[in-house]
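Below is one structure, written out as structure tokens, with a few remarks after it.
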Amino acid sequence: MQHVDTMTTLTEDSEAAMEAAPGTPGQSDETRDTAKIRQILDGARRVFLVDGFDGASMNEIARESGVSKGTLYVYFESKEALFVALVRADRKHQAEQICVYDDSTGEPEAVLRRFGKSLLTAMTAPDSLAHIRTVIAVAGKNPAIGKAFYEAGPAHGTERLAHYLKRQSDAGHLNIDDALKASVGFMQLLQGDLFKRQLFGVLDRVTDEAVAACVDDAVTMFMRAYGAR
């Protein structure tokens, strides 16, 4: 039995060495590492969405990612570390896609409306909801995961919006004393009851019309409070 375990370890180590060996000529070690990490995160995302955090195993993640278990541990020391990395990567990608503001228009109402629709649509997507539910389920036992999600998601998005709101206020398009407080308020208005009802399974799906109506209400109330006078 010990012989079999030793052979298994040697096989995994050999596979890990082969996978970590130089690949495409001219490709830097950093580029190969980045590609391998992305490959692992993509596989891990699929496993976590299906099995949840507790049900997912590093063996299954390695198989789904197309790497050996030895290679998986080269990049991530534990399932918790892998999940934290996935959370940070996904939240960063979402922020880069959604939290983009056009300062040149001088029309914050239109910018907030576009941003609100993009964010609320993303938040109510099935995969996003499954990811959020997974984080909520494990945050009590693994606070680092909840902290990573909050810092890379809600906190980061709120800060980026606050910077935009301050610029618009400085330009006279809005009337805001505390940009961060205003940003938090808009994010809460934006979620409204729609997101919570879907998060807790009251709604099976959210229509584009429902998203648009929720965003309209949020922008209207925000502009009444912070519109230029």
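Naming works like this for the structure tokens: A, B, ... for the chains as they're shown, residue 1 at the start of each chain, ligands 1 onward in shown order.
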Could you give me, as an NGL selection string, the residues within 9 Å of region 209-212 of chain A, counting only C-alpha atoms and dropping anything in the same chain fewer than 2 positions from it?
:A and (113 or 116-117 or 120-121 or 194 or 206-207 or 214-217)
For Asn59 (chain A), find every residue with an atom within 9 Å (counting only C-alpha atoms), except residues of its own chain fewer than 3 positions away, and show them as a list of chain:residue names.
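Here the answer would be A:Ala56, A:Ala62, A:Arg63, A:Glu64, A:Ser68, A:Lys69.
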Which neighbours of Leu82 (chain A) fall inside 9 Å, counting only C-alpha atoms, when residues of the same chain fewer than 6 positions from it are skipped, and could you give them as a list in words?
Ile40, Leu41, Ala44, Tyr75 and Phe76 of chain A
Would you mind telling me which residue in A:Arg91, A:Gly201, A:Ala139, A:Gln168 lies nearest to His156 (chain A) when using only C-alpha atoms?
A:Arg91
Choose the residue, out of A:Asp54, A:Glu109, A:Asp102, A:Asp170, that has the smallest atom-to-atom separation from Val219 (chain A); count only C-alpha atoms.
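Among A:Asp54, A:Glu109, A:Asp102, A:Asp170, it is A:Glu109 that comes nearest to Val219 (chain A).
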Which of these residues is nearest to Ser65 (chain A), using only C-alpha atoms: A:His163, A:Arg197, A:Arg46, A:Lys79?
A:Arg46
Using only C-alpha atoms, determine which residues lie at most 12 Å from Leu86 (chain A), disregarding the query and same-chain residues fewer than 6 positions distant; provide the list as a list of chain:residue names.
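In the requested format, the answer is A:Ile37, A:Arg38, A:Gln39, A:Ile40, A:Leu41, A:Asp42, A:Gly43, A:Ala44, A:Arg45, A:Arg46, A:Val47, A:Phe48, A:Leu49, A:Phe53, A:Phe76, A:Lys79, A:Glu80, A:Lys92, A:His93, A:His131, A:Val135, A:Ile145, A:Ala148, A:Phe149, A:Ala152, A:Gly153.
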From A:Asp178, A:Glu159, A:Glu107, A:Asp90, residue lying nearest Ile132 (chain A) [only C-alpha atoms]:
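Smallest separation from Ile132 (chain A) among the options: A:Asp90.
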Of the listed residues A:Asp177, A:Asp204, A:Val84, A:Leu161, that which approaches Gly146 (chain A) most closely, counting only C-alpha atoms:
A:Val84
Do you have the CA of Gln198 (chain A)-CA of Ser57 (chain A) distance handy?
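These two atoms are separated by 28.1 Å.
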Nearest candidate to Ser128 (chain A) (options A:Thr158, A:Val67, A:Gln191, A:Gln94; using only C-alpha atoms):
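Looking at the shortest contact to Ser128 (chain A), the residue is A:Gln94.
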Separation of CA of Leu174 (chain A) from CA of Tyr226 (chain A), in Å and rounded to one decimal:
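So the two atoms, CA of Leu174 (chain A) and CA of Tyr226 (chain A), lie 5.8 Å apart.
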Could you tell me how far CA of Ser78 (chain A) sits from CA of Pro126 (chain A), in Å to one decimal place?
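Between these atoms lies a distance of 26.6 Å.
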